[in-house]
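These notes are about the structure you will find just below.
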Amino acid sequence: MPRAIQTAIWSRQAQWMLAQSRRRFGPMFSLEIAYEGTWVVVSDPEVVKQVFTGDPKVFHAGDGNDILRPLLGEHSLLTLDEAAHMSQRKLLLPPFHGRRMEGYAATMREIAAREIESWPTGAPYRLRPRMQAMTLEIILETVFGVHGGARLGELRGALRSFLDLLTHPWMLVPMLTIGPDRIRLYPPFRRRVDRVAALIVGEIAERRAAADLEERDDVLSLLVAARHEDGSPMSDAEIHDELLTLLVAGHETTATALSWAVERLVRHPDKLARLRTEIEAGEEAYLTATIQETLRVRPVIVGVLRRLTEAVELGGYELPAGVTVVPSIHLVHRDPTIYPEPDRFRPERFLETPPGTYTWIPFGGGVRRCLGAAFAQQEMAIVLCELLARRTIRPADPAAERPFRRAITETPRRNAEVVLT
Ligand code: HEM
């Protein structure tokens, strides 16, 4: 197929295209995508393992995510490689580890409870926009450390309008055809990016001067206090790019995963009932399994990217430098030899067998594995608990919602429409 047609199908029907190609060509095949070049999609867990454990000097995720560079900046963790990536990742890891994460739980619970209480009952209601509002609020409080007041309102408004444009269903088409550099110059885009940048730089300046910096535990404060190996602080540009990265990587993804969790649960009343019973009994295992099964059967992102800096032998093929290898989350998760009856939503499967490192990959893998994986799963668990403690839920329409592409994420087509009581 000509590259333009492959690109058009990819940007609207990625899951269908992957499944068709897998059926026709086997577990490894190539796609030609405008702006991106040649992609080699892989779905055999052994090959996925080779990619995730491969030398980061050869498997460049930052170059693979190149399309995001003009939007997120030169210092973004997502777009860096090798030493620069490792040094930035070391600075960003501490806020996302164990004890800190527990500290964020109370904020997540409070925001979730407040948000859920405001939802109307007795009539069809679309949860996805509300999940977006909730995950944005959680990031504003835990990552940006902005609590209430006019500044919160201003930042919320600016980020919302930037994110809405970025995740517009048609955004991927211009991104892939004219490229992100020119999108960045498009006035409505530039205005939004500039406004967000000005507000973030203002927050950084304010935080650098804060007298209570030592006591604060939000990510921005931790980054302001963090030091490179040579003892130097992070620059404003570095902190700005990382905050934007955390926002873009962590907000829409988690809101989408939560929307799918509800979409799947309401269509499986027996699973929903079991989840409610187990949560009431203080058991966490089924809740964890439900989250894992949601991310398996409805992964938010269909694949991750690694651009080769030199020729590599993979799955019996010699792949040249410059090609992008794409471990397909969607195909690995739907492989019937790994997951019997792969289309069925059955959290029990993860009670029987825990998720495998290279067979359950909603967060990618290796040195590039999602930095916010624990944050996202904790947030999902808290929101689901708060929701089930307060409301009963049924689908507004019994038919399952199909995946709908919004730039990079695969969202429920009718925005997780439910009736709450
Ligand atoms: C359910 C929600 C989420 C999903 C499905 C998800 C998925 C992913 C995936 C697939 C990657 C690429 C991994 C790779 O290339 O191997 C990634 C990277 C990343 N994610 Fe997430 N993510 C989620 C939530 C979050 C949250 C809440 C944050 C932070 C607040 C976050 C921050 C990041 C960052 C910083 C990276 C780049 C890591 C690096 O390149 O070293 N994500 N995520």
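By convention here, the chains of the structure tokens are called A, B, ... in the order presented, each chain's residues are numbered starting at 1, and ligands are numbered starting at 1 in the order presented.
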Q. Near region 161-170 of chain A, within 7 Å and counting only C-alpha atoms, which residues show up once chain neighbours fewer than 3 positions away are dropped, as a count of residues only?
A. 8
(Q) Could you list, as a PyMOL selection string, every residue within 9 Å of Tyr286 (chain A), counting only C-alpha atoms and ignoring same-chain residues fewer than 2 positions away? (A) chain A and resi 274-275+278-279+283-284+288-291+347-348+350-351
Those same residues - N, CA, C and O atoms - I'd like them written as a CSV table (one decimal), in the first residue's frame.
chain,number,residue,atom,x,y,z
A,274,ARG,N,-18.2,-8.7,41.9
A,274,ARG,CA,-17.1,-9.3,42.7
A,274,ARG,C,-16.1,-8.2,43.2
A,274,ARG,O,-15.6,-8.2,44.3
A,275,LEU,N,-15.8,-7.3,42.3
A,275,LEU,CA,-14.9,-6.2,42.6
A,275,LEU,C,-15.4,-5.4,43.9
A,275,LEU,O,-14.7,-5.1,44.8
A,278,GLU,N,-15.1,-7.5,47.0
A,278,GLU,CA,-13.7,-7.6,47.5
A,278,GLU,C,-13.2,-6.3,48.1
A,278,GLU,O,-12.5,-6.3,49.1
A,279,ILE,N,-13.6,-5.2,47.4
A,279,ILE,CA,-13.1,-3.9,48.0
A,279,ILE,C,-13.7,-3.7,49.4
A,279,ILE,O,-13.0,-3.3,50.3
A,283,GLU,N,-10.0,-6.4,50.4
A,283,GLU,CA,-9.1,-7.2,49.6
A,283,GLU,C,-8.6,-6.4,48.4
A,283,GLU,O,-9.4,-5.8,47.7
A,284,GLU,N,-7.3,-6.4,48.1
A,284,GLU,CA,-6.8,-5.6,47.0
A,284,GLU,C,-6.5,-6.4,45.7
A,284,GLU,O,-6.4,-5.9,44.6
A,288,THR,N,-6.4,-5.1,41.8
A,288,THR,CA,-5.2,-5.0,41.0
A,288,THR,C,-5.4,-5.8,39.7
A,288,THR,O,-5.0,-5.3,38.6
A,289,ALA,N,-6.0,-7.0,39.8
A,289,ALA,CA,-6.2,-7.8,38.6
A,289,ALA,C,-7.1,-7.1,37.6
A,289,ALA,O,-6.9,-7.2,36.4
A,290,THR,N,-8.1,-6.4,38.1
A,290,THR,CA,-9.0,-5.7,37.2
A,290,THR,C,-8.3,-4.6,36.5
A,290,THR,O,-8.5,-4.4,35.3
A,291,ILE,N,-7.4,-3.9,37.2
A,291,ILE,CA,-6.6,-2.8,36.5
A,291,ILE,C,-5.7,-3.5,35.5
A,291,ILE,O,-5.5,-3.0,34.3
A,347,PRO,N,-10.6,-10.5,34.7
A,347,PRO,CA,-9.5,-10.2,35.6
A,347,PRO,C,-8.9,-11.4,36.3
A,347,PRO,O,-7.7,-11.4,36.7
A,348,GLU,N,-9.7,-12.5,36.4
A,348,GLU,CA,-9.3,-13.7,37.1
A,348,GLU,C,-8.0,-14.2,36.5
A,348,GLU,O,-7.2,-14.9,37.2
A,350,PHE,N,-5.3,-12.9,35.9
A,350,PHE,CA,-4.1,-12.3,36.6
A,350,PHE,C,-4.1,-12.8,38.1
A,350,PHE,O,-3.0,-12.6,38.7
A,351,LEU,N,-5.2,-13.4,38.6
A,351,LEU,CA,-5.1,-14.0,39.9
A,351,LEU,C,-4.4,-15.4,39.7
A,351,LEU,O,-3.7,-15.8,40.6
Q: Would you work out the distance separating CA of Ser76 (chain A) from CA of Glu242 (chain A), expressed in Å to one decimal?
A: 5.3 Å
(Q) If I take CA of Gly202 (chain A) and CA of Leu155 (chain A), how far is one from the other in Å, to one decimal? (A)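 Computing the Euclidean distance for CA of Gly202 (chain A) and CA of Leu155 (chain A) yields 10.5 Å.
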Q | Gap from CA of Ala396 (chain A) to CA of Glu417 (chain A) - Å, one decimal | A | 5.7 Å
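Ranking A:Ala237, A:Val297, A:Met28, A:Leu80 by their shortest atom-to-atom distance to ligand 1, with only C-alpha atoms and all ligand atoms included, puts A:Leu80 first.
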**Q.** Sel. of alpha helix (DSSP H) residues, region 93-340 of chain A, as JSON, numbers by chain
**A.** {"A": [98, 99, 100, 101, 102, 103, 104, 105, 106, 107, 108, 109, 110, 111, 112, 113, 114, 115, 116, 117, 127, 128, 129, 130, 131, 132, 133, 134, 135, 136, 137, 138, 139, 140, 141, 142, 149, 150, 151, 152, 153, 154, 155, 156, 157, 158, 159, 160, 161, 162, 163, 164, 165, 166, 172, 173, 174, 175, 176, 177, 180, 181, 182, 183, 184, 185, 187, 188, 189, 190, 191, 192, 193, 194, 195, 196, 197, 198, 199, 200, 201, 202, 203, 204, 205, 206, 207, 208, 219, 220, 221, 222, 223, 224, 225, 236, 237, 238, 239, 240, 241, 242, 243, 244, 245, 246, 247, 248, 249, 250, 251, 252, 253, 254, 255, 256, 257, 258, 259, 260, 261, 262, 263, 264, 265, 266, 269, 270, 271, 272, 273, 274, 275, 276, 277, 278, 279, 280, 285, 286, 287, 288, 289, 290, 291, 292, 293, 294, 295, 296, 297, 329, 330, 331, 332, 333]}
Put those residues in a file: C-alpha atoms, as a short mmCIF file (atom, residue, chain, number, x, y, z; two decimals), in the first residue's frame.
data_model
loop_
_atom_site.label_atom_id
_atom_site.label_comp_id
_atom_site.auth_asym_id
_atom_site.auth_seq_id
_atom_site.Cartn_x
_atom_site.Cartn_y
_atom_site.Cartn_z
CA GLY A 98 7.39 4.11 47.18
CA ARG A 99 7.17 6.49 50.12
CA ARG A 100 6.47 9.55 47.99
CA MET A 101 3.77 7.68 46.15
CA GLU A 102 2.00 6.88 49.43
CA GLY A 103 2.10 10.59 50.23
CA TYR A 104 0.18 11.34 47.04
CA ALA A 105 -2.55 8.81 47.89
CA ALA A 106 -4.44 11.13 50.25
CA THR A 107 -4.54 13.91 47.62
CA MET A 108 -5.72 11.46 44.97
CA ARG A 109 -8.47 10.17 47.27
CA GLU A 110 -9.69 13.64 48.18
CA ILE A 111 -9.83 14.85 44.56
CA ALA A 112 -11.53 11.65 43.39
CA ALA A 113 -14.18 11.81 46.13
CA ARG A 114 -14.94 15.47 45.46
CA GLU A 115 -15.17 14.93 41.71
CA ILE A 116 -17.38 11.80 41.94
CA GLU A 117 -19.77 13.55 44.36
CA LEU A 127 -17.23 9.87 32.28
CA ARG A 128 -14.16 10.39 30.09
CA PRO A 129 -14.14 14.22 30.26
CA ARG A 130 -14.61 13.98 34.03
CA MET A 131 -11.79 11.45 34.33
CA GLN A 132 -9.65 13.94 32.39
CA ALA A 133 -10.60 16.72 34.80
CA MET A 134 -9.74 14.45 37.72
CA THR A 135 -6.35 13.30 36.43
CA LEU A 136 -5.45 16.89 35.51
CA GLU A 137 -6.36 18.06 39.02
CA ILE A 138 -4.27 15.27 40.54
CA ILE A 139 -1.26 16.25 38.41
CA LEU A 140 -1.69 19.94 39.26
CA GLU A 141 -1.61 19.14 42.98
CA THR A 142 0.95 16.34 43.16
CA GLY A 149 -6.56 30.01 44.31
CA ALA A 150 -6.54 32.04 41.11
CA ARG A 151 -3.19 30.59 39.94
CA LEU A 152 -4.64 27.08 39.97
CA GLY A 153 -7.59 28.28 37.89
CA GLU A 154 -5.34 29.99 35.36
CA LEU A 155 -2.96 27.04 35.05
CA ARG A 156 -5.85 24.59 34.78
CA GLY A 157 -7.46 26.62 31.98
CA ALA A 158 -4.23 27.02 30.00
CA LEU A 159 -3.27 23.35 30.31
CA ARG A 160 -6.78 22.16 29.42
CA SER A 161 -6.84 24.18 26.23
CA PHE A 162 -3.31 23.02 25.26
CA LEU A 163 -4.16 19.38 25.99
CA ASP A 164 -7.47 19.51 24.13
CA LEU A 165 -5.68 20.62 20.98
CA LEU A 166 -2.90 18.06 21.44
CA LEU A 172 -2.13 12.94 14.27
CA VAL A 173 -2.83 13.56 10.58
CA PRO A 174 -1.14 17.01 10.37
CA MET A 175 1.55 15.80 12.79
CA LEU A 176 2.48 12.98 10.43
CA THR A 177 2.01 14.85 7.18
CA PRO A 180 5.53 18.71 14.39
CA ASP A 181 7.94 21.59 13.67
CA ARG A 182 5.41 23.28 11.46
CA ILE A 183 2.52 22.41 13.80
CA ARG A 184 4.45 24.21 16.51
CA LEU A 185 4.33 27.36 14.34
CA PRO A 187 -0.72 30.24 15.58
CA PRO A 188 -3.46 28.61 17.73
CA PHE A 189 -0.93 26.00 18.78
CA ARG A 190 1.87 28.47 19.40
CA ARG A 191 -0.37 30.70 21.49
CA ARG A 192 -1.35 27.81 23.73
CA VAL A 193 2.21 26.47 24.07
CA ASP A 194 3.56 29.96 24.87
CA ARG A 195 0.90 30.62 27.48
CA VAL A 196 1.55 27.28 29.19
CA ALA A 197 5.32 27.89 29.06
CA ALA A 198 4.97 31.34 30.65
CA LEU A 199 2.82 29.98 33.48
CA ILE A 200 5.17 27.06 34.14
CA VAL A 201 8.23 29.32 34.20
CA GLY A 202 6.37 31.55 36.68
CA GLU A 203 5.68 28.55 38.92
CA ILE A 204 9.35 27.51 38.79
CA ALA A 205 10.51 31.01 39.78
CA GLU A 206 8.01 31.12 42.63
CA ARG A 207 9.10 27.69 43.86
CA ARG A 208 12.80 28.53 43.73
CA VAL A 219 7.37 16.85 42.05
CA LEU A 220 8.20 20.44 41.02
CA SER A 221 9.67 21.20 44.46
CA LEU A 222 11.68 17.97 44.39
CA LEU A 223 13.06 18.86 40.96
CA VAL A 224 13.98 22.38 42.11
CA ALA A 225 15.91 20.79 45.02
CA ASP A 236 14.43 26.33 34.18
CA ALA A 237 14.33 24.85 30.68
CA GLU A 238 14.94 21.33 32.01
CA ILE A 239 12.28 21.60 34.69
CA HIS A 240 9.81 23.15 32.25
CA ASP A 241 10.27 20.35 29.72
CA GLU A 242 9.95 17.62 32.36
CA LEU A 243 6.81 19.10 33.88
CA LEU A 244 5.21 19.33 30.46
CA THR A 245 6.31 15.76 29.75
CA LEU A 246 4.78 14.45 32.98
CA LEU A 247 1.59 16.28 32.17
CA VAL A 248 1.31 15.04 28.60
CA ALA A 249 2.45 11.49 29.43
CA GLY A 250 0.43 11.14 32.61
CA HIS A 251 -2.89 12.88 32.23
CA GLU A 252 -4.71 11.67 29.13
CA THR A 253 -3.28 8.14 29.51
CA THR A 254 -4.58 7.64 33.05
CA ALA A 255 -7.95 9.24 32.26
CA THR A 256 -8.32 6.89 29.29
CA ALA A 257 -7.34 3.81 31.29
CA LEU A 258 -9.90 4.72 33.96
CA SER A 259 -12.58 5.27 31.32
CA TRP A 260 -11.88 1.81 29.88
CA ALA A 261 -11.95 0.23 33.34
CA VAL A 262 -15.48 1.54 33.86
CA GLU A 263 -16.52 0.74 30.28
CA ARG A 264 -15.42 -2.91 30.69
CA LEU A 265 -16.74 -3.34 34.24
CA VAL A 266 -20.27 -2.12 33.51
CA PRO A 269 -21.87 -7.10 36.01
CA ASP A 270 -20.52 -10.30 37.61
CA LYS A 271 -16.97 -8.87 37.62
CA LEU A 272 -18.25 -5.52 38.87
CA ALA A 273 -20.14 -7.25 41.71
CA ARG A 274 -17.08 -9.28 42.67
CA LEU A 275 -14.90 -6.18 42.64
CA ARG A 276 -17.35 -4.35 44.92
CA THR A 277 -17.48 -7.27 47.36
CA GLU A 278 -13.69 -7.64 47.48
CA ILE A 279 -13.12 -3.92 47.97
CA GLU A 280 -15.70 -3.86 50.79
CA ALA A 285 -5.97 -8.59 44.78
CA TYR A 286 -9.06 -8.45 42.55
CA LEU A 287 -8.79 -4.68 42.20
CA THR A 288 -5.18 -5.02 41.03
CA ALA A 289 -6.17 -7.81 38.64
CA THR A 290 -9.02 -5.67 37.25
CA ILE A 291 -6.62 -2.83 36.52
CA GLN A 292 -4.12 -5.21 34.92
CA GLU A 293 -6.84 -6.81 32.78
CA THR A 294 -8.17 -3.41 31.68
CA LEU A 295 -4.68 -2.35 30.58
CA ARG A 296 -4.23 -5.69 28.79
CA VAL A 297 -7.46 -5.83 26.83
CA ILE A 329 1.39 -3.72 23.00
CA HIS A 330 -1.90 -4.44 21.28
CA LEU A 331 -0.69 -7.57 19.46
CA VAL A 332 1.19 -9.05 22.44
CA HIS A 333 -1.88 -8.55 24.63
#
